[in-house]
Structures are given as C-alpha cells and as structure tokens.
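S.K.: File data_5.txt below, compact mmCIF, C-alpha atoms:
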# COMPACT_ATOMS: atom_id res chain seq x y z
CA MET O 1 -17.75 -3.89 7.12
CA SER O 2 -17.57 -0.14 7.47
CA ASN O 3 -17.03 1.07 3.90
CA ASN O 4 -20.77 0.96 3.05
CA ILE O 5 -20.30 -0.41 -0.47
CA ASP O 6 -23.25 -2.43 -1.70
CA TRP O 7 -21.31 -5.41 -2.96
CA THR O 8 -24.53 -7.30 -3.73
CA ALA O 9 -25.44 -4.63 -6.29
CA ARG O 10 -22.04 -5.26 -7.89
CA GLY O 11 -22.72 -8.98 -8.12
CA ILE O 12 -20.15 -9.93 -5.49
CA LYS O 13 -20.32 -11.67 -2.16
CA TRP O 14 -17.25 -12.03 0.03
CA ILE O 15 -15.83 -15.08 1.74
CA GLU O 16 -12.79 -15.38 3.98
CA GLU O 17 -10.22 -18.10 3.62
CA ASP O 18 -6.58 -18.66 4.45
CA VAL O 19 -4.04 -17.30 2.02
CA SER O 20 -0.47 -18.60 2.07
CA GLU O 21 2.90 -17.67 0.65
CA GLN O 22 6.08 -19.59 -0.02
CA ALA O 23 8.20 -19.28 3.12
CA GLY O 24 11.23 -21.31 2.10
CA ASP O 25 13.19 -22.65 -0.83
CA HIS O 26 10.57 -25.19 -1.86
CA ALA O 27 6.99 -24.80 -3.08
CA THR O 28 5.92 -27.03 -0.19
CA ASP O 29 7.39 -24.56 2.33
CA ARG O 30 4.19 -22.59 2.78
CA ARG O 31 2.98 -20.41 5.63
CA VAL O 32 -0.44 -18.90 6.18
CA LEU O 33 -0.42 -15.09 6.07
CA GLY O 34 -3.94 -14.66 7.35
CA LYS O 35 -7.58 -14.55 6.32
CA ALA O 36 -8.02 -13.38 2.75
CA GLN O 37 -11.00 -11.42 1.44
CA MET O 38 -12.14 -13.41 -1.59
CA PRO O 39 -14.75 -12.08 -4.00
CA VAL O 40 -17.24 -14.57 -5.37
CA VAL O 41 -19.24 -13.46 -8.41
CA PHE O 42 -22.83 -14.61 -7.95
CA ASP O 43 -24.60 -12.25 -10.37
CA LEU O 44 -22.76 -12.05 -13.69
CA LYS O 45 -24.98 -9.32 -15.17
CA ALA O 46 -24.48 -7.05 -12.15
CA PHE O 47 -20.74 -7.80 -12.15
CA VAL O 48 -20.37 -6.96 -15.85
CA ALA O 49 -22.48 -3.81 -15.42
CA GLU O 50 -20.14 -2.64 -12.64
CA TYR O 51 -16.73 -3.78 -13.90
CA GLY O 52 -17.24 -4.22 -17.65
CA GLU O 53 -16.72 -7.17 -19.92
CA GLN O 54 -12.94 -6.71 -19.75
CA ALA O 55 -12.89 -7.95 -16.13
CA VAL O 56 -14.57 -11.18 -17.21
CA LEU O 57 -12.53 -11.54 -20.40
CA GLY O 58 -9.35 -10.91 -18.44
CA SER O 59 -10.15 -13.82 -16.17
CA LEU O 60 -10.59 -16.06 -19.22
CA ASP O 61 -7.19 -15.00 -20.51
CA GLY O 62 -5.10 -16.58 -17.79
CA THR O 63 -5.52 -14.78 -14.48
CA SER O 64 -8.67 -15.58 -12.61
CA ILE O 65 -10.41 -13.19 -10.26
CA ARG O 66 -9.44 -15.57 -7.47
CA VAL O 67 -5.71 -15.47 -8.29
CA MET O 68 -5.81 -11.67 -8.59
CA ALA O 69 -7.58 -11.43 -5.22
CA GLN O 70 -5.00 -13.72 -3.60
CA ASP O 71 -2.22 -11.45 -4.88
CA VAL O 72 -3.90 -8.33 -3.49
CA ASN O 73 -4.51 -10.12 -0.18
CA ARG O 74 -0.90 -11.25 0.18
CA THR O 75 0.30 -7.68 -0.25
CA GLY O 76 -2.39 -6.29 2.05
CA LEU O 77 -1.87 -8.86 4.79
CA ARG O 78 1.90 -8.27 4.78
CA LYS O 79 1.22 -4.55 5.21
CA ARG O 80 -1.43 -5.30 7.86
CA ILE O 81 -4.14 -3.27 6.17
CA SER O 82 -7.81 -3.71 7.02
CA ALA O 83 -10.21 -6.11 5.34
CA ASP O 84 -12.16 -3.09 4.02
CA GLU O 85 -9.02 -1.66 2.43
CA ILE O 86 -8.16 -5.03 0.88
CA ARG O 87 -11.67 -5.23 -0.58
CA SER O 88 -11.29 -1.69 -1.93
CA ARG O 89 -7.98 -2.64 -3.56
CA ILE O 90 -9.54 -5.73 -5.11
CA ASP O 91 -12.35 -3.51 -6.40
CA SER O 92 -9.77 -1.19 -7.99
CA ARG O 93 -7.89 -4.12 -9.47
CA LEU O 94 -11.10 -5.44 -11.05
CA ARG O 95 -11.43 -2.02 -12.68
CA GLY O 96 -7.89 -2.30 -14.03
CA ILE O 97 -6.42 0.15 -11.53
CA ARG O 98 -3.16 -0.98 -9.97
CA SER O 99 -1.98 0.39 -6.66
CA ARG O 100 0.69 3.00 -7.11
CA ALA O 101 2.95 4.74 -4.68
CA ILE O 102 1.59 8.08 -3.63
CA ALA O 103 4.05 10.93 -3.81
CA THR O 104 4.40 12.88 -0.63
CA VAL O 105 5.95 16.27 -0.17
CA LYS O 106 8.50 16.50 2.58
CA GLU O 107 9.33 19.94 3.87
CA VAL O 108 13.06 20.52 4.12
CA VAL O 109 13.98 22.85 6.95
CA LYS O 110 17.05 24.99 6.34
CA TYR O 111 19.13 25.96 9.36
CA PRO O 112 21.53 28.89 8.88
CA LEU O 113 25.27 28.46 9.08
CA PRO O 114 27.80 31.26 9.47
CA GLY O 115 28.98 32.51 6.09
CA GLY O 116 25.57 32.32 4.41
CA LYS O 117 25.22 28.58 3.86
CA PHE O 118 22.50 26.31 5.27
CA TYR O 119 22.26 22.91 6.95
CA THR O 120 19.31 20.77 5.77
CA GLY O 121 19.84 17.59 7.77
CA THR O 122 18.21 16.38 10.99
CA ASP O 123 21.18 15.40 13.16
CA LEU O 124 21.96 17.94 15.90
CA ALA O 125 25.58 16.83 16.39
CA GLU O 126 26.21 17.09 12.64
CA TYR O 127 24.65 20.58 12.55
CA GLN O 128 26.76 21.74 15.48
CA ALA O 129 29.91 20.32 13.85
CA GLU O 130 29.16 22.13 10.58
CA TYR O 131 28.40 25.31 12.54
CA THR O 132 31.73 25.03 14.33
CA ALA O 133 33.59 24.45 11.06
CA ALA O 134 31.88 27.43 9.43
CA LEU O 135 32.86 29.70 12.33
CA VAL O 136 36.46 28.46 12.25
CA ASP O 137 36.55 29.08 8.47
CA LEU O 138 35.55 32.69 9.22
CA GLY O 139 38.47 33.06 11.67
CA THR O 140 36.76 32.34 15.00
CA PRO O 141 39.01 30.50 17.49
CA ALA O 142 38.07 26.81 17.68
CA ASP O 143 37.20 26.82 21.40
CA VAL O 144 34.92 29.83 20.96
CA ALA O 145 33.35 28.32 17.82
CA MET O 146 32.60 25.08 19.70
CA THR O 147 30.99 26.97 22.59
CA ILE O 148 28.77 28.95 20.23
CA ALA O 149 27.86 25.87 18.15
CA LYS O 150 26.84 23.90 21.27
CA SER O 151 24.15 26.53 21.92
CA MET O 152 22.58 25.89 18.47
CA SER O 153 19.54 23.61 18.13
CA LEU O 154 17.40 22.21 15.33
CA GLU O 155 14.18 23.67 16.72
CA THR O 156 12.25 25.93 14.41
CA LYS O 157 10.85 29.15 15.69
In structure tokens, write the structure found in this file.
M.R.:
Amino acid sequence: MSNNIDWTARGIKWIEEDVSEQAGDHATDRRVLGKAQMPVVFDLKAFVAEYGEQAVLGSLDGTSIRVMAQDVNRTGLRKRISADEIRSRIDSRLRGIRSRAIATVKEVVKYPLPGGKFYTGTDLAEYQAEYTAALVDLGTPADVAMTIAKSMSLETK
C-alpha cells in the first residue's frame, strides 16, 4: 500500500474479504460489491494507545469494528475509491471522525447584458436569447438584436 502508515504500530493488520449489500427486496438478495479492507486488531495495547479506550468500548456497545469497517467499505466500493483511501477512512472512523462533505467554492462568471444586468448561467443559447430580449427592451429592432446576440459567446477574456 502506498500511504506509508505503519499499521503494525497501531495494532492492526489488514485482510481482504468480500463485502456484500442487499440487491433486492429480500435479505437473501445479496450481491458482492468487491474486496473489503478489514482491520484485525492483533495488539490491543497498541490499538488502545493509538485510538483510545473509546474505540474498544464502542465496539462492546453494539457496533463492532468489523461492522463499522464493512459500512465504510460499502460506501467506498460504491464510489470506487482506492484500498488506501478506504483504510484511511476506517482509521478516521476508529477515531470517531465521520466523513463529511467538503464544501467547494464555485466561481460564478457574470456575462454582461444590455441595460446593466448580467447573465450567470452556462447555456449559450439561453444567454443569446436573454441578450436579444434585453436589446429589444431597449428599443433595438428584433432582427438587429438577434444578429448582435448571435455574435455573443460565453468565453471569458
């Protein structure tokens, strides 16, 4: 694996096994998603030193490390993420960190329209139609407005 984490020092070794999900209406309608990355705790002291007693106590309270790992694997395999990334997500989950959506900033480009307004979409035909309408609203003959609008593009300079 390429993430260079010393899992042995954390008290974990990894095995791969099939993980399935319900594919139909019945619990017996199962399909294999792929090979799951399953942590096996082999050194309890090292595991507790890395993840804390809460990780162990949590597994005694209803959800085992195995069940948690299967859940992370199902999500990861559906998204086709790497084995290293799945292991990293399991590591985070053992620490009590859940995966969260990451906010991204999307730049909105404003294209000028006659009359001082702006178009913020991405569809050229829609922009040209709004450009035509804005010109007509300002008194430009429709055929002239259409000719001018057809020369407009959504390219930024």
S.K.: Could you jot down the CA of Gln37 (chain O) to CA of Ser82 (chain O) separation for me, Å, one decimal place?
M.R.: 10.0 Å
S.K.: Near Ile65 (chain O), within 12 Å and counting only C-alpha atoms, which residues show up once chain neighbours fewer than 2 positions away are dropped, as a ChimeraX atom specification?
M.R.: /O:12,37-41,47,51,54-63,67-72,90-91,93-96
S.K.: Need the shell around Arg31 (chain O): protein/DNA/RNA residues with any atom at most 6 Å away, counting all atoms listed in the file. Skip same-chain ones fewer than 5 positions apart. Format as a ChimeraX atom specification?
M.R.: /O:20-21,23
S.K.: Find the residues around region 136-150 of chain O up to 12 Å (only C-alpha atoms counted), leave out those fewer than 6 positions away in its own chain, and share them as a list in words.
M.R.: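 Those residues are Pro112, Leu113, Pro114, Gly115, Gly116, Leu124, Ala125, Glu126, Tyr127, Gln128, Ala129 and Glu130 of chain O.
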S.K.: Ranking O:Val32, O:Leu77, O:Leu44, O:Ala27 by minimum distance to Lys13 (chain O) and counting only C-alpha atoms, which one comes first?
M.R.: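 Selected residue with least distance to Lys13 (chain O): O:Leu44.
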S.K.: Report, in Å to a single decimal, how far apart CA of Glu53 (chain O) and CA of Arg74 (chain O) are.
M.R.: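 Computed distance, CA of Arg74 (chain O) to CA of Glu53 (chain O), equals 25.9 Å.
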S.K.: Quote the spacing between CA of Ser88 (chain O) and CA of Gly76 (chain O) in Å to one decimal place.
M.R.: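 These two atoms are separated by 10.8 Å.
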S.K.: With N, CA and C atoms as the goal, would you fill in the gaps in region 52-78 of chain O and present it as an mmCIF file, keeping the file's coordinate frame?
M.R.:
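rebuild_7.cif, freshly written:
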data_model
loop_
_atom_site.group_PDB
_atom_site.id
_atom_site.type_symbol
_atom_site.label_atom_id
_atom_site.label_comp_id
_atom_site.auth_asym_id
_atom_site.auth_seq_id
_atom_site.Cartn_x
_atom_site.Cartn_y
_atom_site.Cartn_z
ATOM 1 N N GLY O 52 -17.432 -4.117 -16.202
ATOM 2 C CA GLY O 52 -17.240 -4.220 -17.650
ATOM 3 C C GLY O 52 -16.863 -5.619 -18.080
ATOM 4 N N GLU O 53 -17.020 -5.855 -19.358
ATOM 5 C CA GLU O 53 -16.720 -7.170 -19.920
ATOM 6 C C GLU O 53 -15.237 -7.505 -19.813
ATOM 7 N N GLN O 54 -14.377 -6.473 -19.813
ATOM 8 C CA GLN O 54 -12.940 -6.710 -19.750
ATOM 9 C C GLN O 54 -12.541 -7.477 -18.487
ATOM 10 N N ALA O 55 -13.218 -7.228 -17.369
ATOM 11 C CA ALA O 55 -12.890 -7.950 -16.130
ATOM 12 C C ALA O 55 -13.159 -9.431 -16.301
ATOM 13 N N VAL O 56 -14.241 -9.759 -16.983
ATOM 14 C CA VAL O 56 -14.570 -11.180 -17.210
ATOM 15 C C VAL O 56 -13.635 -11.759 -18.260
ATOM 16 N N LEU O 57 -13.428 -11.038 -19.350
ATOM 17 C CA LEU O 57 -12.530 -11.540 -20.400
ATOM 18 C C LEU O 57 -11.116 -11.703 -19.884
ATOM 19 N N GLY O 58 -10.682 -10.796 -19.032
ATOM 20 C CA GLY O 58 -9.350 -10.910 -18.440
ATOM 21 C C GLY O 58 -9.195 -12.184 -17.639
ATOM 22 N N SER O 59 -10.251 -12.593 -16.964
ATOM 23 C CA SER O 59 -10.150 -13.820 -16.170
ATOM 24 C C SER O 59 -10.121 -15.053 -17.061
ATOM 25 N N LEU O 60 -10.620 -14.938 -18.276
ATOM 26 C CA LEU O 60 -10.590 -16.060 -19.220
ATOM 27 C C LEU O 60 -9.244 -16.143 -19.942
ATOM 28 N N ASP O 61 -8.448 -15.097 -19.791
ATOM 29 C CA ASP O 61 -7.190 -15.000 -20.510
ATOM 30 C C ASP O 61 -5.985 -15.411 -19.672
ATOM 31 N N GLY O 62 -6.220 -16.048 -18.542
ATOM 32 C CA GLY O 62 -5.100 -16.580 -17.790
ATOM 33 C C GLY O 62 -5.085 -16.271 -16.310
ATOM 34 N N THR O 63 -5.529 -15.100 -15.904
ATOM 35 C CA THR O 63 -5.520 -14.780 -14.480
ATOM 36 C C THR O 63 -6.948 -14.675 -13.990
ATOM 37 N N SER O 64 -7.304 -15.589 -13.129
ATOM 38 C CA SER O 64 -8.670 -15.580 -12.610
ATOM 39 C C SER O 64 -8.846 -14.489 -11.566
ATOM 40 N N ILE O 65 -10.085 -14.154 -11.301
ATOM 41 C CA ILE O 65 -10.410 -13.190 -10.260
ATOM 42 C C ILE O 65 -9.869 -13.683 -8.921
ATOM 43 N N ARG O 66 -9.927 -14.973 -8.713
ATOM 44 C CA ARG O 66 -9.440 -15.570 -7.470
ATOM 45 C C ARG O 66 -7.933 -15.365 -7.297
ATOM 46 N N VAL O 67 -7.165 -15.626 -8.353
ATOM 47 C CA VAL O 67 -5.710 -15.470 -8.290
ATOM 48 C C VAL O 67 -5.346 -14.007 -8.067
ATOM 49 N N MET O 68 -6.049 -13.102 -8.767
ATOM 50 C CA MET O 68 -5.810 -11.670 -8.590
ATOM 51 C C MET O 68 -6.112 -11.267 -7.149
ATOM 52 N N ALA O 69 -7.212 -11.759 -6.601
ATOM 53 C CA ALA O 69 -7.580 -11.430 -5.220
ATOM 54 C C ALA O 69 -6.543 -11.971 -4.235
ATOM 55 N N GLN O 70 -6.032 -13.161 -4.478
ATOM 56 C CA GLN O 70 -5.000 -13.720 -3.600
ATOM 57 C C GLN O 70 -3.757 -12.835 -3.607
ATOM 58 N N ASP O 71 -3.382 -12.340 -4.768
ATOM 59 C CA ASP O 71 -2.220 -11.450 -4.880
ATOM 60 C C ASP O 71 -2.431 -10.175 -4.072
ATOM 61 N N VAL O 72 -3.586 -9.557 -4.234
ATOM 62 C CA VAL O 72 -3.900 -8.330 -3.490
ATOM 63 C C VAL O 72 -3.903 -8.615 -1.989
ATOM 64 N N ASN O 73 -4.467 -9.755 -1.596
ATOM 65 C CA ASN O 73 -4.510 -10.120 -0.180
ATOM 66 C C ASN O 73 -3.125 -10.339 0.401
ATOM 67 N N ARG O 74 -2.256 -11.015 -0.334
ATOM 68 C CA ARG O 74 -0.900 -11.250 0.180
ATOM 69 C C ARG O 74 -0.206 -9.915 0.481
ATOM 70 N N THR O 75 -0.309 -8.996 -0.458
ATOM 71 C CA THR O 75 0.300 -7.680 -0.250
ATOM 72 C C THR O 75 -0.348 -6.967 0.935
ATOM 73 N N GLY O 76 -1.672 -6.971 0.974
ATOM 74 C CA GLY O 76 -2.390 -6.290 2.050
ATOM 75 C C GLY O 76 -2.149 -6.887 3.414
ATOM 76 N N LEU O 77 -2.098 -8.206 3.498
ATOM 77 C CA LEU O 77 -1.870 -8.860 4.790
ATOM 78 C C LEU O 77 -0.452 -8.608 5.283
ATOM 79 N N ARG O 78 0.523 -8.584 4.366
ATOM 80 C CA ARG O 78 1.900 -8.270 4.780
ATOM 81 C C ARG O 78 1.978 -6.853 5.337
#
